[in-house]
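Q: My structure is stored as start-v2.pdb, with PDB, N, CA and C atoms.
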ATOM      1  N   MET A   1    -185.509 -58.847 -28.177
ATOM      2  CA  MET A   1    -185.900 -59.778 -27.131
ATOM      3  C   MET A   1    -187.193 -59.285 -26.480
ATOM      4  N   ALA A   2    -188.128 -60.176 -26.301
ATOM      5  CA  ALA A   2    -189.413 -59.801 -25.713
ATOM      6  C   ALA A   2    -189.249 -59.538 -24.226
ATOM      7  N   GLU A   3    -189.971 -58.535 -23.739
ATOM      8  CA  GLU A   3    -189.952 -58.238 -22.309
ATOM      9  C   GLU A   3    -190.797 -59.247 -21.555
ATOM     10  N   ILE A   4    -190.375 -59.551 -20.355
ATOM     11  CA  ILE A   4    -191.182 -60.411 -19.484
ATOM     12  C   ILE A   4    -192.158 -59.498 -18.749
ATOM     13  N   VAL A   5    -193.421 -59.765 -18.952
ATOM     14  CA  VAL A   5    -194.453 -58.921 -18.353
ATOM     15  C   VAL A   5    -195.233 -59.748 -17.343
ATOM     16  N   GLY A   6    -195.438 -59.170 -16.165
ATOM     17  CA  GLY A   6    -196.198 -59.859 -15.129
ATOM     18  C   GLY A   6    -197.684 -59.795 -15.412
ATOM     19  N   PRO A   7    -198.471 -60.303 -14.490
ATOM     20  CA  PRO A   7    -199.928 -60.284 -14.667
ATOM     21  C   PRO A   7    -200.473 -58.855 -14.630
ATOM     22  N   ARG A   8    -201.562 -58.652 -15.351
ATOM     23  CA  ARG A   8    -202.227 -57.348 -15.305
ATOM     24  C   ARG A   8    -202.920 -57.219 -13.951
ATOM     25  N   LEU A   9    -202.672 -56.112 -13.290
ATOM     26  CA  LEU A   9    -203.140 -55.894 -11.921
ATOM     27  C   LEU A   9    -203.898 -54.589 -11.803
ATOM     28  N   TYR A  10    -204.598 -54.463 -10.681
ATOM     29  CA  TYR A  10    -205.163 -53.180 -10.257
ATOM     30  C   TYR A  10    -204.536 -52.848  -8.908
ATOM     31  N   SER A  11    -204.182 -51.577  -8.743
ATOM     32  CA  SER A  11    -203.551 -51.109  -7.514
ATOM     33  C   SER A  11    -204.350 -49.964  -6.920
ATOM     34  N   CYS A  12    -204.137 -49.725  -5.641
ATOM     35  CA  CYS A  12    -204.744 -48.587  -4.951
ATOM     36  C   CYS A  12    -204.276 -47.301  -5.637
ATOM     37  N   CYS A  13    -205.186 -46.403  -5.931
ATOM     38  CA  CYS A  13    -204.836 -45.157  -6.606
ATOM     39  C   CYS A  13    -204.006 -44.243  -5.712
ATOM     40  N   ASN A  14    -204.075 -44.456  -4.425
ATOM     41  CA  ASN A  14    -203.408 -43.587  -3.456
ATOM     42  C   ASN A  14    -201.950 -43.973  -3.223
ATOM     43  N   CYS A  15    -201.684 -45.278  -3.033
ATOM     44  CA  CYS A  15    -200.337 -45.715  -2.653
ATOM     45  C   CYS A  15    -199.738 -46.772  -3.581
ATOM     46  N   ARG A  16    -200.475 -47.210  -4.573
ATOM     47  CA  ARG A  16    -200.028 -48.207  -5.555
ATOM     48  C   ARG A  16    -199.851 -49.617  -4.978
ATOM     49  N   ASN A  17    -200.480 -49.893  -3.850
ATOM     50  CA  ASN A  17    -200.522 -51.244  -3.291
ATOM     51  C   ASN A  17    -201.371 -52.113  -4.224
ATOM     52  N   GLN A  18    -200.875 -53.284  -4.614
ATOM     53  CA  GLN A  18    -201.617 -54.164  -5.518
ATOM     54  C   GLN A  18    -202.804 -54.780  -4.785
ATOM     55  N   VAL A  19    -204.003 -54.611  -5.364
ATOM     56  CA  VAL A  19    -205.210 -55.063  -4.672
ATOM     57  C   VAL A  19    -206.033 -56.106  -5.422
ATOM     58  N   ALA A  20    -205.809 -56.281  -6.730
ATOM     59  CA  ALA A  20    -206.609 -57.256  -7.469
ATOM     60  C   ALA A  20    -205.935 -57.613  -8.788
ATOM     61  N   LEU A  21    -206.244 -58.806  -9.279
ATOM     62  CA  LEU A  21    -205.773 -59.257 -10.584
ATOM     63  C   LEU A  21    -206.861 -59.014 -11.632
ATOM     64  N   HIS A  22    -206.432 -58.629 -12.821
ATOM     65  CA  HIS A  22    -207.390 -58.435 -13.907
ATOM     66  C   HIS A  22    -208.158 -59.726 -14.200
ATOM     67  N   ASP A  23    -207.490 -60.863 -14.051
ATOM     68  CA  ASP A  23    -208.146 -62.151 -14.314
ATOM     69  C   ASP A  23    -209.302 -62.429 -13.358
ATOM     70  N   ASP A  24    -209.376 -61.717 -12.245
ATOM     71  CA  ASP A  24    -210.447 -61.924 -11.265
ATOM     72  C   ASP A  24    -211.643 -60.996 -11.470
ATOM     73  N   VAL A  25    -211.629 -60.185 -12.546
ATOM     74  CA  VAL A  25    -212.775 -59.323 -12.843
ATOM     75  C   VAL A  25    -213.931 -60.195 -13.327
ATOM     76  N   ILE A  26    -215.078 -60.040 -12.675
ATOM     77  CA  ILE A  26    -216.293 -60.744 -13.094
ATOM     78  C   ILE A  26    -217.127 -59.840 -13.986
ATOM     79  N   SER A  27    -217.238 -58.565 -13.598
ATOM     80  CA  SER A  27    -218.056 -57.613 -14.348
ATOM     81  C   SER A  27    -217.506 -56.204 -14.178
ATOM     82  N   LYS A  28    -217.598 -55.415 -15.243
ATOM     83  CA  LYS A  28    -217.194 -54.008 -15.186
ATOM     84  C   LYS A  28    -218.403 -53.084 -15.213
ATOM     85  N   SER A  29    -219.585 -53.625 -15.037
ATOM     86  CA  SER A  29    -220.801 -52.818 -15.174
ATOM     87  C   SER A  29    -221.550 -52.650 -13.858
ATOM     88  N   PHE A  30    -220.805 -52.440 -12.768
ATOM     89  CA  PHE A  30    -221.428 -52.202 -11.471
ATOM     90  C   PHE A  30    -221.364 -50.728 -11.119
ATOM     91  N   GLN A  31    -222.173 -50.344 -10.152
ATOM     92  CA  GLN A  31    -222.231 -48.970  -9.680
ATOM     93  C   GLN A  31    -221.695 -48.916  -8.254
ATOM     94  N   GLY A  32    -220.729 -48.043  -8.021
ATOM     95  CA  GLY A  32    -220.202 -47.833  -6.672
ATOM     96  C   GLY A  32    -220.802 -46.579  -6.077
ATOM     97  N   ARG A  33    -220.238 -46.135  -4.972
ATOM     98  CA  ARG A  33    -220.709 -44.891  -4.349
ATOM     99  C   ARG A  33    -220.415 -43.685  -5.230
ATOM    100  N   ASN A  34    -219.266 -43.744  -5.928
ATOM    101  CA  ASN A  34    -218.792 -42.585  -6.683
ATOM    102  C   ASN A  34    -218.673 -42.855  -8.179
ATOM    103  N   GLY A  35    -219.571 -43.657  -8.720
ATOM    104  CA  GLY A  35    -219.509 -43.935 -10.157
ATOM    105  C   GLY A  35    -219.313 -45.410 -10.430
ATOM    106  N   ARG A  36    -218.710 -45.694 -11.576
ATOM    107  CA  ARG A  36    -218.554 -47.078 -12.016
ATOM    108  C   ARG A  36    -217.676 -47.877 -11.068
ATOM    109  N   ALA A  37    -217.934 -49.182 -11.034
ATOM    110  CA  ALA A  37    -217.179 -50.091 -10.177
ATOM    111  C   ALA A  37    -217.091 -51.451 -10.860
ATOM    112  N   PHE A  38    -216.108 -52.226 -10.444
ATOM    113  CA  PHE A  38    -215.898 -53.559 -10.981
ATOM    114  C   PHE A  38    -216.202 -54.587  -9.901
ATOM    115  N   LEU A  39    -216.766 -55.723 -10.311
ATOM    116  CA  LEU A  39    -216.994 -56.841  -9.404
ATOM    117  C   LEU A  39    -215.850 -57.834  -9.588
ATOM    118  N   PHE A  40    -215.155 -58.164  -8.490
ATOM    119  CA  PHE A  40    -214.032 -59.089  -8.504
ATOM    120  C   PHE A  40    -214.354 -60.336  -7.699
ATOM    121  N   SER A  41    -213.815 -61.461  -8.125
ATOM    122  CA  SER A  41    -213.976 -62.701  -7.361
ATOM    123  C   SER A  41    -213.047 -62.725  -6.149
ATOM    124  N   HIS A  42    -211.897 -62.047  -6.249
ATOM    125  CA  HIS A  42    -210.919 -62.006  -5.166
ATOM    126  C   HIS A  42    -210.303 -60.615  -5.074
ATOM    127  N   ALA A  43    -209.802 -60.278  -3.914
ATOM    128  CA  ALA A  43    -209.013 -59.060  -3.708
ATOM    129  C   ALA A  43    -207.885 -59.420  -2.753
ATOM    130  N   MET A  44    -206.791 -58.644  -2.803
ATOM    131  CA  MET A  44    -205.638 -58.945  -1.953
ATOM    132  C   MET A  44    -205.105 -57.657  -1.342
ATOM    133  N   ASN A  45    -204.329 -57.801  -0.296
ATOM    134  CA  ASN A  45    -203.719 -56.649   0.382
ATOM    135  C   ASN A  45    -204.761 -55.627   0.826
ATOM    136  N   ILE A  46    -205.866 -56.153   1.325
ATOM    137  CA  ILE A  46    -206.976 -55.300   1.772
ATOM    138  C   ILE A  46    -207.364 -55.691   3.192
ATOM    139  N   MET A  47    -208.096 -54.812   3.840
ATOM    140  CA  MET A  47    -208.705 -55.097   5.138
ATOM    141  C   MET A  47    -210.207 -54.990   4.948
ATOM    142  N   VAL A  48    -210.938 -55.853   5.624
ATOM    143  CA  VAL A  48    -212.391 -55.848   5.535
ATOM    144  C   VAL A  48    -212.938 -55.297   6.847
ATOM    145  N   GLY A  49    -213.773 -54.280   6.758
ATOM    146  CA  GLY A  49    -214.353 -53.642   7.928
ATOM    147  C   GLY A  49    -215.533 -54.422   8.486
ATOM    148  N   PRO A  50    -216.236 -53.824   9.448
ATOM    149  CA  PRO A  50    -217.389 -54.509  10.049
ATOM    150  C   PRO A  50    -218.550 -54.654   9.064
ATOM    151  N   LYS A  51    -219.317 -55.712   9.259
ATOM    152  CA  LYS A  51    -220.480 -55.971   8.404
ATOM    153  C   LYS A  51    -221.618 -55.036   8.785
ATOM    154  N   GLU A  52    -222.373 -54.630   7.760
ATOM    155  CA  GLU A  52    -223.585 -53.843   8.002
ATOM    156  C   GLU A  52    -224.567 -54.083   6.870
ATOM    157  N   ASP A  53    -225.849 -53.960   7.176
ATOM    158  CA  ASP A  53    -226.872 -54.069   6.144
ATOM    159  C   ASP A  53    -226.987 -52.741   5.411
ATOM    160  N   ARG A  54    -227.024 -52.815   4.072
ATOM    161  CA  ARG A  54    -227.178 -51.615   3.255
ATOM    162  C   ARG A  54    -228.213 -51.869   2.175
ATOM    163  N   GLN A  55    -229.034 -50.881   1.948
ATOM    164  CA  GLN A  55    -229.986 -50.929   0.847
ATOM    165  C   GLN A  55    -229.259 -50.411  -0.389
ATOM    166  N   LEU A  56    -228.963 -51.310  -1.320
ATOM    167  CA  LEU A  56    -228.279 -50.944  -2.554
ATOM    168  C   LEU A  56    -229.277 -50.934  -3.702
ATOM    169  N   MET A  57    -228.800 -50.581  -4.877
ATOM    170  CA  MET A  57    -229.699 -50.504  -6.036
ATOM    171  C   MET A  57    -230.394 -51.832  -6.319
ATOM    172  N   THR A  58    -229.733 -52.945  -5.975
ATOM    173  CA  THR A  58    -230.296 -54.265  -6.259
ATOM    174  C   THR A  58    -230.932 -54.922  -5.036
ATOM    175  N   GLY A  59    -231.206 -54.125  -4.005
ATOM    176  CA  GLY A  59    -231.875 -54.666  -2.829
ATOM    177  C   GLY A  59    -231.007 -54.628  -1.588
ATOM    178  N   LEU A  60    -231.495 -55.276  -0.545
ATOM    179  CA  LEU A  60    -230.806 -55.289   0.745
ATOM    180  C   LEU A  60    -229.676 -56.313   0.719
ATOM    181  N   HIS A  61    -228.488 -55.885   1.162
ATOM    182  CA  HIS A  61    -227.316 -56.754   1.247
ATOM    183  C   HIS A  61    -226.602 -56.493   2.570
ATOM    184  N   THR A  62    -225.921 -57.517   3.085
ATOM    185  CA  THR A  62    -224.971 -57.325   4.170
ATOM    186  C   THR A  62    -223.611 -57.151   3.500
ATOM    187  N   VAL A  63    -222.977 -56.005   3.752
ATOM    188  CA  VAL A  63    -221.700 -55.683   3.119
ATOM    189  C   VAL A  63    -220.703 -55.239   4.189
ATOM    190  N   ALA A  64    -219.437 -55.230   3.809
ATOM    191  CA  ALA A  64    -218.373 -54.724   4.674
ATOM    192  C   ALA A  64    -217.442 -53.889   3.800
ATOM    193  N   ASP A  65    -217.147 -52.672   4.228
ATOM    194  CA  ASP A  65    -216.229 -51.830   3.473
ATOM    195  C   ASP A  65    -214.864 -52.494   3.373
ATOM    196  N   VAL A  66    -214.184 -52.240   2.252
ATOM    197  CA  VAL A  66    -212.866 -52.800   1.964
ATOM    198  C   VAL A  66    -211.872 -51.645   1.898
ATOM    199  N   TYR A  67    -210.765 -51.795   2.619
ATOM    200  CA  TYR A  67    -209.741 -50.753   2.711
ATOM    201  C   TYR A  67    -208.405 -51.278   2.202
ATOM    202  N   CYS A  68    -207.600 -50.409   1.611
ATOM    203  CA  CYS A  68    -206.214 -50.734   1.283
ATOM    204  C   CYS A  68    -205.470 -50.985   2.597
ATOM    205  N   CYS A  69    -204.725 -52.077   2.686
ATOM    206  CA  CYS A  69    -204.036 -52.393   3.946
ATOM    207  C   CYS A  69    -202.831 -51.490   4.186
ATOM    208  N   ASP A  70    -202.360 -50.777   3.164
ATOM    209  CA  ASP A  70    -201.214 -49.877   3.352
ATOM    210  C   ASP A  70    -201.635 -48.471   3.776
ATOM    211  N   CYS A  71    -202.545 -47.847   3.009
ATOM    212  CA  CYS A  71    -202.881 -46.442   3.276
ATOM    213  C   CYS A  71    -204.278 -46.243   3.869
ATOM    214  N   ARG A  72    -205.050 -47.322   3.986
ATOM    215  CA  ARG A  72    -206.394 -47.299   4.591
ATOM    216  C   ARG A  72    -207.451 -46.590   3.732
ATOM    217  N   GLU A  73    -207.161 -46.370   2.468
ATOM    218  CA  GLU A  73    -208.136 -45.783   1.542
ATOM    219  C   GLU A  73    -209.309 -46.752   1.388
ATOM    220  N   VAL A  74    -210.540 -46.249   1.434
ATOM    221  CA  VAL A  74    -211.709 -47.093   1.172
ATOM    222  C   VAL A  74    -211.771 -47.337  -0.332
ATOM    223  N   LEU A  75    -211.730 -48.603  -0.734
ATOM    224  CA  LEU A  75    -211.701 -48.963  -2.153
ATOM    225  C   LEU A  75    -213.054 -49.440  -2.666
ATOM    226  N   GLY A  76    -213.901 -49.896  -1.759
ATOM    227  CA  GLY A  76    -215.195 -50.448  -2.166
ATOM    228  C   GLY A  76    -215.785 -51.248  -1.021
ATOM    229  N   TRP A  77    -216.372 -52.401  -1.344
ATOM    230  CA  TRP A  77    -216.955 -53.242  -0.299
ATOM    231  C   TRP A  77    -216.969 -54.701  -0.714
ATOM    232  N   LYS A  78    -217.188 -55.547   0.278
ATOM    233  CA  LYS A  78    -217.348 -56.984   0.059
ATOM    234  C   LYS A  78    -218.797 -57.347   0.331
ATOM    235  N   TYR A  79    -219.381 -58.134  -0.565
ATOM    236  CA  TYR A  79    -220.727 -58.643  -0.346
ATOM    237  C   TYR A  79    -220.637 -59.844   0.596
ATOM    238  N   GLU A  80    -221.197 -59.719   1.770
ATOM    239  CA  GLU A  80    -221.212 -60.820   2.727
ATOM    240  C   GLU A  80    -222.479 -61.666   2.584
ATOM    241  N   ARG A  81    -223.608 -60.996   2.331
ATOM    242  CA  ARG A  81    -224.872 -61.723   2.203
ATOM    243  C   ARG A  81    -225.810 -60.963   1.289
ATOM    244  N   ALA A  82    -226.502 -61.703   0.439
ATOM    245  CA  ALA A  82    -227.556 -61.132  -0.396
ATOM    246  C   ALA A  82    -228.874 -61.746   0.058
ATOM    247  N   TYR A  83    -229.871 -60.918   0.247
ATOM    248  CA  TYR A  83    -231.156 -61.407   0.754
ATOM    249  C   TYR A  83    -232.085 -61.892  -0.355
ATOM    250  N   GLU A  84    -231.870 -61.404  -1.569
ATOM    251  CA  GLU A  84    -232.698 -61.844  -2.696
ATOM    252  C   GLU A  84    -231.989 -62.959  -3.449
ATOM    253  N   GLU A  85    -232.743 -63.968  -3.825
ATOM    254  CA  GLU A  85    -232.180 -65.156  -4.472
ATOM    255  C   GLU A  85    -231.380 -64.813  -5.732
ATOM    256  N   THR A  86    -231.865 -63.846  -6.501
ATOM    257  CA  THR A  86    -231.200 -63.486  -7.758
ATOM    258  C   THR A  86    -229.866 -62.773  -7.536
ATOM    259  N   GLN A  87    -229.577 -62.357  -6.318
ATOM    260  CA  GLN A  87    -228.340 -61.632  -6.008
ATOM    261  C   GLN A  87    -227.306 -62.489  -5.281
ATOM    262  N   LYS A  88    -227.645 -63.758  -5.022
ATOM    263  CA  LYS A  88    -226.770 -64.639  -4.239
ATOM    264  C   LYS A  88    -225.381 -64.818  -4.866
ATOM    265  N   TYR A  89    -225.260 -64.668  -6.186
ATOM    266  CA  TYR A  89    -223.975 -64.847  -6.851
ATOM    267  C   TYR A  89    -222.927 -63.825  -6.388
ATOM    268  N   LYS A  90    -223.356 -62.732  -5.772
ATOM    269  CA  LYS A  90    -222.439 -61.689  -5.313
ATOM    270  C   LYS A  90    -221.777 -62.026  -3.979
ATOM    271  N   GLU A  91    -222.333 -62.971  -3.247
ATOM    272  CA  GLU A  91    -221.812 -63.278  -1.913
ATOM    273  C   GLU A  91    -220.339 -63.685  -1.973
ATOM    274  N   GLY A  92    -219.537 -63.068  -1.107
ATOM    275  CA  GLY A  92    -218.109 -63.350  -1.067
ATOM    276  C   GLY A  92    -217.290 -62.610  -2.106
ATOM    277  N   LYS A  93    -217.949 -61.810  -2.948
ATOM    278  CA  LYS A  93    -217.270 -61.060  -4.007
ATOM    279  C   LYS A  93    -216.994 -59.625  -3.566
ATOM    280  N   PHE A  94    -216.151 -58.939  -4.333
ATOM    281  CA  PHE A  94    -215.688 -57.602  -3.976
ATOM    282  C   PHE A  94    -216.048 -56.576  -5.037
ATOM    283  N   ILE A  95    -216.511 -55.430  -4.594
ATOM    284  CA  ILE A  95    -216.694 -54.262  -5.458
ATOM    285  C   ILE A  95    -215.513 -53.332  -5.213
ATOM    286  N   LEU A  96    -214.795 -53.005  -6.280
ATOM    287  CA  LEU A  96    -213.739 -52.000  -6.195
ATOM    288  C   LEU A  96    -214.120 -50.865  -7.141
ATOM    289  N   GLU A  97    -214.133 -49.658  -6.613
ATOM    290  CA  GLU A  97    -214.557 -48.512  -7.404
ATOM    291  C   GLU A  97    -213.483 -48.125  -8.411
ATOM    292  N   LYS A  98    -213.898 -47.875  -9.633
ATOM    293  CA  LYS A  98    -212.968 -47.542 -10.708
ATOM    294  C   LYS A  98    -212.121 -46.324 -10.359
ATOM    295  N   SER A  99    -212.698 -45.360  -9.665
ATOM    296  CA  SER A  99    -211.970 -44.137  -9.314
ATOM    297  C   SER A  99    -210.922 -44.359  -8.223
ATOM    298  N   LYS A 100    -210.955 -45.538  -7.564
ATOM    299  CA  LYS A 100    -210.046 -45.818  -6.449
ATOM    300  C   LYS A 100    -208.913 -46.778  -6.816
ATOM    301  N   ILE A 101    -208.937 -47.293  -8.063
ATOM    302  CA  ILE A 101    -207.912 -48.243  -8.486
ATOM    303  C   ILE A 101    -207.277 -47.790  -9.803
ATOM    304  N   VAL A 102    -206.049 -48.232 -10.026
ATOM    305  CA  VAL A 102    -205.345 -47.911 -11.268
ATOM    306  C   VAL A 102    -204.782 -49.207 -11.860
ATOM    307  N   LYS A 103    -204.638 -49.223 -13.177
ATOM    308  CA  LYS A 103    -204.100 -50.394 -13.873
ATOM    309  C   LYS A 103    -202.581 -50.425 -13.762
ATOM    310  N   GLU A 104    -202.043 -51.641 -13.626
ATOM    311  CA  GLU A 104    -200.590 -51.868 -13.621
ATOM    312  C   GLU A 104    -200.282 -52.979 -14.613
ATOM    313  N   ASN A 105    -199.136 -52.901 -15.284
ATOM    314  CA  ASN A 105    -198.658 -53.932 -16.239
ATOM    315  C   ASN A 105    -199.578 -54.115 -17.435
ATOM    316  N   TRP A 106    -200.118 -53.026 -17.979
ATOM    317  CA  TRP A 106    -201.005 -53.144 -19.142
ATOM    318  C   TRP A 106    -200.221 -52.883 -20.383
TER
END
Would it be possible to restate this file's structure as structure tokens?

A:
Amino acid sequence: MAEIVGPRLYSCCNCRNQVALHDDVISKSFQGRNGRAFLFSHAMNIMVGPKEDRQLMTGLHTVADVYCCDCREVLGWKYERAYEETQKYKEGKFILEKSKIVKENW
């Protein structure tokens, strides 16, 4: 009998709180503070910190740090605003650092 398997997820590496669905991955070729990062269209069970302007590799953006709502681990950030036209597609999207998330149900 085949096992019933739920959706493939990413969870906080610290407490295993589910924070994103694999189906919401837009790109796996982003750079975070501590190495590789994934761009997601949505994130869940997170808290969004205050907005601030940051100079990133692709220019100036308004971003807000993203925290696990259970253990408060910083997982990445949310793009609130992109100042360059070519970066506008990132607005409202989430960066989650590969080192801060783990795969579930793979």

Q: Need to verify the contact set: region 51-66 of chain A, 6.5 Å, only N, CA and C atoms, exclusion of same-chain residues closer than 5 positions in sequence. Can you return it as a list in words?

A: Ile46, Glu73, Val74, Leu75, Gly76, Trp77, Lys78, Tyr79, Glu80, Arg81, Ala82, Tyr83 and Glu84 of chain A

Q: For each of A:Met47, A:Pro7, A:Gly35, A:Trp106, take the minimum atom-to-atom distance to Asp70 (chain A), counting only N, CA and C atoms, then give the residue where this is smallest.

A: A:Met47

Q: Mind checking which residues fall within 10 Å of Gln18 (chain A), counting only C-alpha atoms, ignoring those fewer than 2 positions away in the same chain, and posting them as a PyMOL selection string?

A: chain A and resi 9-13+15-16+20-21+43-46+68-70+101-104

Q: CA of Tyr89 (chain A) and atom N of Pro50 (chain A) are how many Å apart?

A: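 Interatomic distance, CA of Tyr89 (chain A) to atom N of Pro50 (chain A): 21.1 Å.
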
Q: Of the candidates A:Thr86, A:Ile95, A:Lys100, A:Asn105, which shows the shortest atom-to-atom distance to Gln31 (chain A), using only N, CA and C atoms?

A: A:Ile95

Q: Could you pull out all residues of region 37-85 of chain A with a DSSP call of strand (DSSP E or B) and give them as a PyMOL selection string?

A: chain A and resi 37-40+46-56+59-68+74-82

Q: Atom C of Phe30 (chain A) and CA of Leu96 (chain A) are how many Å apart?

A: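 Those two atoms sit 9.2 Å apart.
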
Q: Just the number, please: distance in Å from atom N of Gly92 (chain A) to atom C of Gly6 (chain A), one decimal.

A: 26.3 Å

Q: Could you give me the axis-aligned bounding box of region 74-77 of chain A, with 6 Å of padding per side, as centre plus edge lengths in Å to one decimal, as JSON?

A:
{"center_x": -213.8, "center_y": -50.5, "center_z": -0.6, "size_x": 18.4, "size_y": 20.5, "size_z": 16.1}
